[in-house]
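coords.tsv (TSV, C-alpha atoms) appears below.
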```tsv
chain	number	residue	atom	x	y	z
A	1	MET	CA	0.00	0.00	0.00
A	2	ALA	CA	1.60	3.27	-1.15
A	3	LYS	CA	1.29	6.11	1.39
A	4	MET	CA	1.60	9.86	1.23
A	5	VAL	CA	2.24	12.02	4.29
A	6	ILE	CA	1.24	15.71	3.92
A	7	LEU	CA	2.68	18.11	6.49
A	8	GLY	CA	1.35	21.56	7.26
A	9	ALA	CA	2.33	24.25	9.74
A	10	GLY	CA	0.62	22.35	12.56
A	11	ALA	CA	3.16	19.53	12.23
A	12	SER	CA	6.08	21.90	12.81
A	13	ARG	CA	4.16	23.67	15.58
A	14	ALA	CA	3.86	20.34	17.43
A	15	CYS	CA	7.63	19.70	17.38
A	16	PRO	CA	8.88	19.66	21.00
A	17	ASN	CA	12.43	20.59	19.98
A	18	THR	CA	11.68	24.29	19.48
A	19	ASP	CA	11.99	27.31	21.77
A	20	PRO	CA	8.68	27.77	23.68
A	21	GLY	CA	9.24	31.52	23.53
A	22	LEU	CA	9.51	31.35	19.75
A	23	PRO	CA	6.70	28.97	18.76
A	24	MET	CA	6.57	27.77	15.18
A	25	PRO	CA	3.88	29.93	13.54
A	26	LEU	CA	0.61	28.93	11.97
A	27	LEU	CA	-0.73	31.02	9.11
A	28	CYS	CA	-2.53	33.42	11.43
A	29	ASP	CA	0.68	33.89	13.45
A	30	LEU	CA	2.88	35.11	10.60
A	31	PRO	CA	2.47	38.86	11.35
A	32	ALA	CA	3.42	38.24	15.00
A	33	VAL	CA	6.76	36.80	13.89
A	34	LEU	CA	7.88	40.32	13.06
A	35	THR	CA	7.05	41.67	16.52
A	36	ARG	CA	8.91	38.81	18.22
A	37	ALA	CA	12.06	39.53	16.21
A	38	ASN	CA	15.16	41.04	17.75
A	39	PRO	CA	14.26	44.63	18.73
A	40	LYS	CA	17.69	45.80	17.54
A	41	THR	CA	16.74	45.00	13.95
A	42	SER	CA	14.50	46.94	11.56
A	43	TYR	CA	11.95	44.14	11.59
A	44	HIS	CA	9.68	45.99	14.01
A	45	LEU	CA	9.31	48.81	11.48
A	46	LEU	CA	8.35	46.13	8.97
A	47	ALA	CA	5.75	44.86	11.45
A	48	GLN	CA	4.15	48.31	11.71
A	49	TYR	CA	4.05	48.50	7.94
A	50	LEU	CA	2.47	45.06	7.65
A	51	ASN	CA	-0.14	45.77	10.33
A	52	SER	CA	-1.26	48.98	8.60
A	53	LEU	CA	-1.72	47.05	5.37
A	54	LEU	CA	-3.54	44.20	7.10
A	55	GLU	CA	-6.20	46.66	8.27
A	56	LYS	CA	-7.19	47.10	4.61
A	57	THR	CA	-7.84	43.36	4.14
A	58	GLY	CA	-9.64	42.73	7.43
A	59	GLY	CA	-6.57	40.99	8.88
A	60	ASP	CA	-6.49	38.38	6.10
A	61	ILE	CA	-2.77	37.89	5.42
A	62	GLU	CA	-3.36	35.52	2.49
A	63	LEU	CA	-5.43	38.16	0.73
A	64	LEU	CA	-2.93	40.93	1.52
A	65	LEU	CA	0.08	38.99	0.22
A	66	THR	CA	-1.86	38.03	-2.90
A	67	LEU	CA	-2.78	41.64	-3.63
A	68	LEU	CA	0.82	42.76	-3.12
A	69	TYR	CA	2.03	39.98	-5.42
A	70	ARG	CA	-0.43	40.92	-8.15
A	71	LEU	CA	0.45	44.61	-7.85
A	72	ASN	CA	4.11	43.74	-8.21
A	73	GLU	CA	3.55	41.46	-11.21
A	74	SER	CA	1.19	43.87	-12.99
A	75	PHE	CA	2.79	47.26	-12.35
A	76	PHE	CA	6.20	47.22	-10.67
A	77	LEU	CA	7.98	44.42	-12.55
A	78	PRO	CA	6.91	45.42	-16.10
A	79	ARG	CA	8.32	48.92	-15.49
A	80	ARG	CA	11.38	47.52	-13.66
A	81	GLN	CA	10.36	49.57	-10.66
A	82	TYR	CA	12.19	47.96	-7.73
A	83	THR	CA	11.87	50.85	-5.31
A	84	LEU	CA	8.92	52.64	-3.73
A	85	GLU	CA	8.31	56.09	-5.19
A	86	ALA	CA	5.25	58.24	-4.51
A	87	GLU	CA	5.13	59.62	-8.06
A	88	PHE	CA	5.14	56.15	-9.63
A	89	ILE	CA	2.32	54.99	-7.35
A	90	SER	CA	0.31	58.10	-8.21
A	91	GLN	CA	0.65	57.14	-11.87
A	92	ILE	CA	-0.79	53.69	-11.15
A	93	ILE	CA	-3.81	55.12	-9.32
A	94	ALA	CA	-4.42	57.84	-11.94
A	95	SER	CA	-4.18	55.41	-14.85
A	96	SER	CA	-7.49	53.71	-13.92
A	97	ALA	CA	-5.83	50.38	-14.70
A	98	LEU	CA	-6.63	48.79	-11.35
A	99	PRO	CA	-10.17	47.67	-12.28
A	100	GLU	CA	-8.71	45.97	-15.36
A	101	VAL	CA	-6.28	43.96	-13.25
A	102	PHE	CA	-8.57	43.42	-10.26
A	103	THR	CA	-11.89	42.65	-11.91
A	104	ASN	CA	-13.48	41.90	-8.53
A	105	LEU	CA	-14.64	45.27	-7.14
A	106	PRO	CA	-13.72	44.59	-3.47
A	107	ASP	CA	-10.21	43.47	-4.57
A	108	ALA	CA	-9.81	46.62	-6.66
A	109	GLU	CA	-10.87	48.79	-3.71
A	110	MET	CA	-8.46	47.03	-1.36
A	111	ALA	CA	-5.62	47.27	-3.90
A	112	THR	CA	-6.25	51.02	-4.19
A	113	ALA	CA	-6.23	51.40	-0.40
A	114	ILE	CA	-2.93	49.49	-0.22
A	115	LEU	CA	-1.39	51.73	-2.88
A	116	GLU	CA	-2.53	54.81	-0.95
A	117	ILE	CA	-0.65	53.55	2.11
A	118	LEU	CA	2.45	52.80	0.02
A	119	ARG	CA	2.30	56.26	-1.56
A	120	LYS	CA	2.08	57.99	1.82
A	121	LEU	CA	4.86	55.81	3.18
A	122	ALA	CA	7.12	56.73	0.27
A	123	ALA	CA	6.28	60.43	0.56
A	124	ASP	CA	6.79	60.62	4.33
A	125	ASN	CA	9.91	58.43	4.45
A	126	PRO	CA	11.97	59.07	1.32
A	127	GLY	CA	14.92	57.12	2.72
A	128	ALA	CA	14.38	53.62	4.09
A	129	ALA	CA	10.85	53.27	2.74
A	130	VAL	CA	11.99	53.74	-0.85
A	131	THR	CA	14.46	50.86	-0.69
A	132	THR	CA	12.65	48.54	1.72
A	133	PHE	CA	8.92	48.54	1.20
A	134	SER	CA	8.38	48.02	-2.51
A	135	PRO	CA	6.47	44.74	-2.94
A	136	ALA	CA	9.47	42.71	-4.16
A	137	ASN	CA	11.78	44.01	-1.42
A	138	PHE	CA	9.07	43.43	1.16
A	139	PHE	CA	8.80	39.76	0.16
A	140	ASN	CA	12.58	39.40	0.33
A	141	MET	CA	12.72	40.98	3.78
A	142	PHE	CA	9.77	38.97	5.06
A	143	GLN	CA	11.42	35.77	3.86
A	144	GLY	CA	14.60	36.78	5.69
A	145	VAL	CA	12.65	37.50	8.88
A	146	LEU	CA	10.92	34.12	8.75
A	147	ARG	CA	14.18	32.32	8.07
A	148	ASP	CA	15.94	33.98	11.03
A	149	TYR	CA	12.98	33.34	13.30
A	150	PHE	CA	12.66	29.66	12.37
A	151	TYR	CA	16.35	28.98	12.87
A	152	ALA	CA	16.25	30.78	16.22
A	153	SER	CA	13.33	28.57	17.27
A	154	PHE	CA	15.03	25.25	16.42
A	155	GLN	CA	16.82	23.69	19.36
A	156	ARG	CA	17.91	20.25	18.19
A	157	TYR	CA	17.29	17.62	15.54
A	158	PRO	CA	15.59	15.32	14.82
A	159	CYS	CA	12.00	15.84	15.98
A	160	PRO	CA	10.85	12.66	17.77
A	161	LEU	CA	7.29	12.98	16.44
A	162	HIS	CA	8.37	13.35	12.83
A	163	LEU	CA	11.02	10.67	13.22
A	164	ARG	CA	8.60	8.06	14.48
A	165	LEU	CA	6.17	8.77	11.67
A	166	PHE	CA	8.89	8.65	9.00
A	167	GLN	CA	10.26	5.34	10.24
A	168	SER	CA	7.07	3.72	8.95
A	169	LEU	CA	7.61	4.96	5.38
A	170	GLY	CA	8.93	2.74	2.60
A	171	ARG	CA	10.50	3.33	-0.79
A	172	VAL	CA	7.13	3.56	-2.61
A	173	ASP	CA	5.88	6.24	-0.22
A	174	CYS	CA	5.99	10.01	-0.56
A	175	LEU	CA	6.42	12.89	1.89
A	176	VAL	CA	4.93	16.26	0.94
A	177	SER	CA	5.72	19.28	3.10
A	178	PHE	CA	4.13	22.71	2.76
A	179	ASN	CA	6.60	24.08	5.33
A	180	TYR	CA	9.74	26.10	4.67
A	181	ASP	CA	11.63	24.84	7.72
A	182	GLU	CA	13.98	21.85	7.92
A	183	ILE	CA	12.34	19.88	10.73
A	184	ALA	CA	11.03	17.29	8.29
A	185	ASP	CA	14.29	17.28	6.31
A	186	TYR	CA	16.55	16.39	9.24
A	187	SER	CA	14.03	13.96	10.70
A	188	LEU	CA	13.63	12.15	7.38
A	189	TYR	CA	17.43	11.99	7.05
A	190	SER	CA	17.78	10.65	10.59
A	191	ALA	CA	15.25	7.94	9.74
A	192	GLY	CA	17.51	6.89	6.85
A	193	LYS	CA	14.84	7.83	4.29
A	194	LEU	CA	16.32	11.01	2.78
A	195	THR	CA	18.71	10.13	-0.04
A	196	ARG	CA	19.51	11.47	-3.46
A	197	ARG	CA	16.77	9.23	-4.80
A	198	SER	CA	14.31	11.36	-2.81
A	199	PHE	CA	14.84	14.16	-5.35
A	200	GLU	CA	14.75	12.19	-8.61
A	201	GLY	CA	13.14	14.10	-11.45
A	202	LEU	CA	12.94	17.39	-9.52
A	203	GLY	CA	15.81	19.08	-11.35
A	204	PHE	CA	18.13	20.07	-8.51
A	205	ASP	CA	21.56	20.87	-9.91
A	206	GLU	CA	23.29	20.04	-6.65
A	207	ILE	CA	22.23	18.04	-3.58
A	208	ILE	CA	24.23	18.36	-0.36
A	209	LEU	CA	23.41	15.96	2.48
A	210	PRO	CA	25.24	15.36	5.77
A	211	SER	CA	28.03	12.79	5.64
A	212	ARG	CA	27.00	9.33	6.77
A	213	ARG	CA	30.32	8.55	8.32
A	214	VAL	CA	33.70	10.19	8.81
A	215	VAL	CA	36.29	8.70	6.43
A	216	PRO	CA	39.93	9.92	6.57
A	217	ALA	CA	40.82	11.86	3.45
A	218	ALA	CA	43.66	9.48	2.56
A	219	THR	CA	41.42	6.41	2.85
A	220	PRO	CA	39.98	5.28	-0.48
A	221	VAL	CA	36.31	4.34	-0.41
A	222	PRO	CA	35.92	0.79	-1.77
A	223	LEU	CA	33.85	0.55	-4.92
A	224	GLY	CA	31.79	-2.18	-3.30
A	225	ARG	CA	30.79	0.13	-0.47
A	226	GLU	CA	29.71	2.80	-2.96
A	227	LEU	CA	27.52	0.26	-4.74
A	228	CYS	CA	26.05	-0.91	-1.45
A	229	GLU	CA	25.25	2.68	-0.43
A	230	LEU	CA	23.65	3.33	-3.82
A	231	ALA	CA	21.52	0.19	-3.46
A	232	GLU	CA	20.60	1.21	0.09
A	233	ASP	CA	19.57	4.66	-1.15
A	234	ARG	CA	17.30	3.16	-3.77
A	235	MET	CA	15.74	0.73	-1.31
A	236	ASN	CA	15.09	3.22	1.49
A	237	GLY	CA	14.78	6.63	-0.15
A	238	VAL	CA	11.35	8.27	0.12
A	239	LYS	CA	10.15	10.81	-2.45
A	240	PHE	CA	10.38	14.22	-0.78
A	241	LEU	CA	8.47	17.24	-2.08
A	242	LYS	CA	8.52	20.75	-0.60
A	243	VAL	CA	5.79	22.24	-2.73
A	244	HIS	CA	6.19	25.85	-1.54
A	245	GLY	CA	9.98	25.91	-1.43
A	246	SER	CA	12.42	25.72	1.44
A	247	PHE	CA	14.92	27.77	3.40
A	248	ASN	CA	17.63	25.33	2.32
A	249	TRP	CA	17.12	25.90	-1.40
A	250	TYR	CA	19.63	28.22	-3.05
A	251	GLY	CA	19.91	29.74	-6.52
A	252	ARG	CA	23.25	30.36	-8.24
A	253	VAL	CA	23.89	33.99	-9.07
A	254	ASN	CA	24.97	34.50	-12.66
A	255	GLU	CA	26.60	37.87	-12.07
A	256	THR	CA	28.51	38.86	-8.96
A	257	GLY	CA	28.18	42.58	-9.68
A	258	HIS	CA	30.80	45.31	-9.74
A	259	SER	CA	32.90	46.34	-6.76
A	260	ARG	CA	32.30	49.81	-5.37
A	261	ASP	CA	34.83	52.03	-3.67
A	262	ASP	CA	32.29	53.90	-1.53
A	263	TRP	CA	30.80	50.79	0.17
A	264	THR	CA	27.32	51.79	-0.99
A	265	TYR	CA	24.79	48.97	-1.12
A	266	PRO	CA	23.32	48.85	-4.64
A	267	VAL	CA	19.55	49.01	-5.00
A	268	GLY	CA	17.97	47.75	-8.18
A	269	SER	CA	16.88	44.67	-10.02
A	270	PRO	CA	17.39	41.29	-8.33
A	271	PRO	CA	20.54	39.36	-9.28
A	272	LEU	CA	20.35	37.31	-12.44
A	273	LEU	CA	20.27	33.60	-11.70
A	274	ARG	CA	22.19	31.10	-13.75
A	275	GLN	CA	19.89	28.96	-15.84
A	276	SER	CA	19.97	25.18	-15.65
A	277	ILE	CA	20.02	22.84	-18.63
A	278	LYS	CA	17.10	21.10	-16.88
A	279	GLY	CA	14.99	24.23	-17.28
A	280	GLY	CA	14.61	27.24	-15.00
A	281	PRO	CA	17.22	28.67	-12.62
A	282	GLU	CA	19.83	26.39	-11.06
A	283	VAL	CA	18.78	25.34	-7.56
A	284	ARG	CA	20.90	23.70	-4.88
A	285	TYR	CA	19.39	21.61	-2.08
A	286	CYS	CA	21.67	21.95	0.94
A	287	LEU	CA	21.10	20.01	4.17
A	288	GLY	CA	24.43	20.29	5.89
A	289	THR	CA	25.29	19.08	9.36
A	290	PRO	CA	23.90	21.71	11.77
A	291	GLY	CA	26.65	24.23	12.41
A	292	ALA	CA	28.81	23.07	9.48
A	293	THR	CA	29.98	25.59	6.91
A	294	VAL	CA	29.14	25.13	3.24
A	295	SER	CA	30.54	27.36	0.51
A	296	CYS	CA	27.91	29.97	-0.40
A	297	ASP	CA	29.95	31.80	-3.03
A	298	ASN	CA	27.61	33.01	-5.79
A	299	TRP	CA	24.62	31.33	-4.14
A	300	THR	CA	21.60	33.22	-2.83
A	301	ALA	CA	18.38	32.24	-1.08
A	302	SER	CA	15.87	30.77	-3.51
A	303	PRO	CA	12.36	32.28	-3.53
A	304	ILE	CA	9.59	30.63	-1.54
A	305	ILE	CA	5.87	30.66	-2.26
A	306	PHE	CA	4.11	32.75	0.34
A	307	PRO	CA	0.45	32.07	1.24
A	308	PHE	CA	-0.72	33.46	-2.10
A	309	LEU	CA	-4.17	32.81	-3.51
A	310	ALA	CA	-2.84	32.99	-7.07
A	311	LYS	CA	-0.16	30.32	-7.36
A	312	GLU	CA	-0.74	29.07	-10.90
A	313	SER	CA	1.35	31.82	-12.49
A	314	ILE	CA	4.18	31.08	-10.05
A	315	TYR	CA	4.09	27.38	-10.89
A	316	ARG	CA	4.26	28.21	-14.60
A	317	ALA	CA	7.07	30.76	-14.22
A	318	ASN	CA	9.39	28.77	-11.92
A	319	ALA	CA	10.47	25.36	-13.21
A	320	MET	CA	11.44	24.07	-9.77
A	321	PHE	CA	7.99	24.73	-8.31
A	322	ALA	CA	6.34	23.41	-11.46
A	323	ARG	CA	8.24	20.11	-11.20
A	324	HIS	CA	7.29	19.73	-7.54
A	325	LEU	CA	3.64	20.37	-8.32
A	326	VAL	CA	3.62	17.89	-11.21
A	327	ALA	CA	5.29	15.28	-8.97
A	328	PHE	CA	2.72	16.01	-6.23
A	329	GLN	CA	-0.15	15.31	-8.62
A	330	HIS	CA	1.56	12.21	-10.01
A	331	GLU	CA	2.10	10.76	-6.54
A	332	LEU	CA	-1.48	11.58	-5.50
A	333	ARG	CA	-2.80	9.42	-8.31
A	334	ALA	CA	-0.73	6.46	-7.13
A	335	VAL	CA	-1.20	6.39	-3.35
A	336	ASP	CA	-3.71	4.28	-1.46
A	337	LYS	CA	-3.45	6.11	1.85
A	338	ILE	CA	-2.96	9.77	2.77
A	339	ILE	CA	-1.94	10.95	6.24
A	340	LEU	CA	-2.75	14.64	6.69
A	341	VAL	CA	-0.78	16.16	9.59
A	342	GLY	CA	-1.48	19.70	10.72
A	343	LYS	CA	-2.58	20.92	7.29
A	344	SER	CA	-5.90	22.42	6.21
A	345	PHE	CA	-6.92	22.99	2.62
A	346	GLN	CA	-10.11	24.79	3.71
A	347	ASN	CA	-9.01	28.15	2.37
A	348	ALA	CA	-9.58	30.22	-0.74
A	349	ASP	CA	-6.74	28.59	-2.71
A	350	ARG	CA	-9.04	27.21	-5.38
A	351	GLU	CA	-6.21	26.71	-7.87
A	352	LEU	CA	-4.33	24.21	-5.70
A	353	ASN	CA	-7.50	22.49	-4.56
A	354	GLY	CA	-8.65	22.13	-8.15
A	355	MET	CA	-5.35	20.45	-9.04
A	356	ILE	CA	-5.76	18.03	-6.14
A	357	ARG	CA	-9.34	17.14	-7.10
A	358	TYR	CA	-8.30	16.48	-10.69
A	359	ALA	CA	-5.32	14.34	-9.62
A	360	THR	CA	-7.40	12.20	-7.26
A	361	TYR	CA	-10.48	11.85	-9.46
A	362	GLY	CA	-11.66	8.36	-10.37
A	363	LYS	CA	-9.65	6.16	-8.00
A	364	ALA	CA	-11.60	4.15	-5.43
A	365	ASN	CA	-10.65	2.88	-1.99
A	366	ARG	CA	-8.20	5.62	-1.08
A	367	VAL	CA	-8.11	6.18	2.72
A	368	LEU	CA	-7.50	9.47	4.55
A	369	ASP	CA	-6.10	9.63	8.10
A	370	ILE	CA	-6.32	13.06	9.74
A	371	VAL	CA	-4.00	14.31	12.49
A	372	ASP	CA	-5.46	17.63	13.58
A	373	PRO	CA	-7.18	19.12	16.66
A	374	ASN	CA	-10.07	20.35	14.50
A	375	ARG	CA	-13.01	18.05	15.35
A	376	ASN	CA	-15.55	19.83	13.15
A	377	PRO	CA	-17.28	17.20	10.97
A	378	ASP	CA	-17.12	19.64	8.03
A	379	PHE	CA	-13.33	19.58	8.25
A	380	GLU	CA	-13.23	15.82	7.69
A	381	SER	CA	-15.94	15.76	5.01
A	382	PHE	CA	-14.25	18.56	3.06
A	383	HIS	CA	-10.89	16.79	2.97
A	384	ARG	CA	-12.44	13.39	2.18
A	385	SER	CA	-14.12	15.02	-0.81
A	386	LEU	CA	-10.97	16.91	-1.80
A	387	PHE	CA	-8.82	13.77	-1.88
A	388	ASN	CA	-11.62	11.47	-3.04
A	389	ALA	CA	-10.93	9.24	-0.04
A	390	ASP	CA	-12.78	7.14	2.47
A	391	SER	CA	-12.63	7.99	6.15
A	392	GLY	CA	-9.64	6.61	7.98
A	393	ARG	CA	-8.60	7.31	11.55
A	394	ARG	CA	-8.79	10.62	13.38
A	395	TYR	CA	-6.16	11.85	15.85
A	396	THR	CA	-6.42	15.05	17.83
A	397	SER	CA	-2.66	15.68	17.99
A	398	PHE	CA	0.65	14.65	16.50
A	399	GLU	CA	1.61	13.28	19.92
A	400	GLU	CA	-1.45	11.00	19.95
A	401	TYR	CA	-0.65	9.72	16.47
A	402	SER	CA	2.98	9.12	17.39
A	403	CYS	CA	2.03	7.12	20.48
A	404	LEU	CA	-0.62	4.98	18.78
A	405	CYS	CA	0.43	4.54	15.18
A	406	GLY	CA	3.88	5.95	14.60
A	407	THR	CA	5.37	2.55	13.87
A	408	GLU	CA	2.56	0.95	11.88
```

Structure re-expressed in structure tokens:
Amino acid sequence: MAKMVILGAGASRACPNTDPGLPMPLLCDLPAVLTRANPKTSYHLLAQYLNSLLEKTGGDIELLLTLLYRLNESFFLPRRQYTLEAEFISQIIASSALPEVFTNLPDAEMATAILEILRKLAADNPGAAVTTFSPANFFNMFQGVLRDYFYASFQRYPCPLHLRLFQSLGRVDCLVSFNYDEIADYSLYSAGKLTRRSFEGLGFDEIILPSRRVVPAATPVPLGRELCELAEDRMNGVKFLKVHGSFNWYGRVNETGHSRDDWTYPVGSPPLLRQSIKGGPEVRYCLGTPGATVSCDNWTASPIIFPFLAKESIYRANAMFARHLVAFQHELRAVDKIILVGKSFQNADRELNGMIRYATYGKANRVLDIVDPNRNPDFESFHRSLFNADSGRRYTSFEEYSCLCGTE
């Protein structure tokens, strides 16, 4: 029986190996990450900016991030506008183009309100605001904040709850994570299930995993051992998909830029990424030993997919995400059992849900186990319908699942 485990933010939140003062965030907690950041950084100014924008979307961060993304794609990027300038924003508002881009009237009104805030911010703060709070720079900064916060929260690897679950997976199974963090990565590696085979067909140009054993540099590795390790990888490796990207993905910069004598930080277009013969930018997967140093020359953090409600264009534009999504749908068609851990698809992301429904259509006898504190019957019925699955077992927490079924 082929299985698929799907991890959401609730799975990382349940990990006991994190700092209680820096809990792993759920979707609704993302704005609070900025206020918990180090007060000596500029992240608190970013939090004030984010909170003022959230007021325009009724506190809905998915909607806000989606509107910012669409504004960036429709107006800022085509004009190569990478900074925030009041005059440029005034041109957008005066052009009457917003209703053409946002055909839904409430969305158009909210987009206009967001632009008004951005225009005032740029006019009142011609320094930092210009370089920091344009949509693209905001996403880059927010990604950096989340990355720093997540790494500060981690205490030690592996997570015992993830580890026990992963020990039950076999080579025909698949792990799908919607999380950016590396809790699942290290736990899957500790279970002996994360190998180079886990990434077959995904197009990574380089895969860096922790060393299995320490071998003196002068000691040749017997060919027989290499073959045995390769066979072991193929027997134990579990397909591993991080559908929304990961903090340990890196893109290779094609141009290093020009040196400056005045130590001024350049502001402008993002660095050009070297293209892969596999299609799309080159991407490195790097899971080094915690604390170990890995050469980062000419490598930069790869983009992640934020909680957008318009992901289809991102999947089409980025080959790495597209390959993960295609693999996700392919694996969905093959599995007989799905274990949903701390993940809800009851949101407005109709694009992703439509892809899931299409991938799971027509196959009978698929079973869905749910690990989630949500006991609402609608929650179960929605996900059974989404995955075209029969009811399996329900568990109110990851701890309960680990105790009862972690080694099935």

Exercise: stretch 301-305 of chain A partners within 6 Å, all atoms listed in the file, chain neighbours under 2 positions left out, as a compact mmCIF listing (two decimals) with C-alpha atoms, keeping the file's coordinate frame:
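Generated output (around.txt):
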```txt
# COMPACT_ATOMS: atom_id res chain seq x y z
CA HIS A 244 6.19 25.85 -1.54
CA GLY A 245 9.98 25.91 -1.43
CA TRP A 249 17.12 25.90 -1.40
CA TYR A 250 19.63 28.22 -3.05
CA GLY A 251 19.91 29.74 -6.52
```

task = List the neighbours of stretch 361-375 of chain A out to 8 Å using all atoms listed in the file; skip same-chain residues closer than 2 positions along the sequence, and give me the result as number ranges by chain.
result = A: 10, 333, 335-343, 357-359, 377, 379-380, 384, 387-398, 401

List as an mmCIF file with C-alpha atoms, keeping the file's coordinate frame the protein and nucleic acid residues near stretch 111-128 of chain A, meaning an atom at most 10 Å away when all atoms listed in the file are counted, but skip any in the same chain fewer than 6 places from it.
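The resulting file, result-v1.cif, is shown below:
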```
data_model
loop_
_atom_site.group_PDB
_atom_site.id
_atom_site.type_symbol
_atom_site.label_atom_id
_atom_site.label_comp_id
_atom_site.auth_asym_id
_atom_site.auth_seq_id
_atom_site.Cartn_x
_atom_site.Cartn_y
_atom_site.Cartn_z
ATOM 1 C CA TYR A 49 4.050 48.500 7.940
ATOM 2 C CA SER A 52 -1.260 48.980 8.600
ATOM 3 C CA LEU A 53 -1.720 47.050 5.370
ATOM 4 C CA LEU A 54 -3.540 44.200 7.100
ATOM 5 C CA GLU A 55 -6.200 46.660 8.270
ATOM 6 C CA LYS A 56 -7.190 47.100 4.610
ATOM 7 C CA THR A 57 -7.840 43.360 4.140
ATOM 8 C CA LEU A 64 -2.930 40.930 1.520
ATOM 9 C CA LEU A 67 -2.780 41.640 -3.630
ATOM 10 C CA LEU A 68 0.820 42.760 -3.120
ATOM 11 C CA ARG A 70 -0.430 40.920 -8.150
ATOM 12 C CA LEU A 71 0.450 44.610 -7.850
ATOM 13 C CA THR A 83 11.870 50.850 -5.310
ATOM 14 C CA LEU A 84 8.920 52.640 -3.730
ATOM 15 C CA GLU A 85 8.310 56.090 -5.190
ATOM 16 C CA ALA A 86 5.250 58.240 -4.510
ATOM 17 C CA GLU A 87 5.130 59.620 -8.060
ATOM 18 C CA PHE A 88 5.140 56.150 -9.630
ATOM 19 C CA ILE A 89 2.320 54.990 -7.350
ATOM 20 C CA SER A 90 0.310 58.100 -8.210
ATOM 21 C CA ILE A 92 -0.790 53.690 -11.150
ATOM 22 C CA ILE A 93 -3.810 55.120 -9.320
ATOM 23 C CA LEU A 98 -6.630 48.790 -11.350
ATOM 24 C CA PRO A 99 -10.170 47.670 -12.280
ATOM 25 C CA VAL A 101 -6.280 43.960 -13.250
ATOM 26 C CA PHE A 102 -8.570 43.420 -10.260
ATOM 27 C CA LEU A 105 -14.640 45.270 -7.140
ATOM 28 C CA SER A 134 8.380 48.020 -2.510
ATOM 29 C CA PRO A 135 6.470 44.740 -2.940
#
```

Restricting to all atoms listed in the file, whichever of A:Lys239, A:Ala14, A:Gln81, A:Met141 is closest to A:Glu400 is A:Ala14

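Straight-line separation from atom CA of A:Asp148 to atom CA of A:Ala9: 16.8 Å.
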
Radius query 6 Å about (-6.7, 18.6, 3.5), atoms used: all atoms listed in the file, as a list in words: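 The residues that fall inside the cut-off are Ser344, Phe345 and His383 of chain A.
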
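Using all atoms listed in the file, the smallest distance between any of A:Ala47, A:Val176, A:Leu273, A:Ala152 and A:Phe133 comes from A:Ala47.
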
### Message
So, with all atoms listed in the file as the atoms that count, which of A:Ser12, A:Asn51, A:Asn254, A:Asn353 lies closest to A:Asp185?
### Response
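So, comparing all the options, the nearest one is A:Ser12.
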
In terms of all atoms listed in the file, the residue from A:Ile356, A:Ala136, A:Cys403, A:Leu30 at minimal distance from A:Leu50 is A:Leu30

Taken to one decimal, the atom CA of A:Phe321-atom CA of A:Asp173 distance is 20.3 Å

For a test of reading the model, state the distance in Å between atom CA of A:Trp299 and atom CA of A:Tyr285, rounded to one decimal.
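About the pair atom CA of A:Trp299 and atom CA of A:Tyr285: they are 11.2 Å apart.
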
Closest of A:Ile61, A:Leu241, A:Leu287, A:Leu386 to A:Ser211, counting all atoms listed in the file, is A:Leu287

**Asked** Of the candidates A:Leu332, A:Val145, A:Leu194, A:Ala184, which one gets nearest to A:Ile208 if we count all atoms listed in the file?
**Response**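 For A:Ile208, the nearest of the candidates is A:Leu194.
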
| request: Within 10 Å of A:Asp349, counting all atoms listed in the file, which residues show up once you throw out same-chain ones fewer than 5 positions away? Write them as number ranges by chain, please. | output: A: 62, 307-311, 354
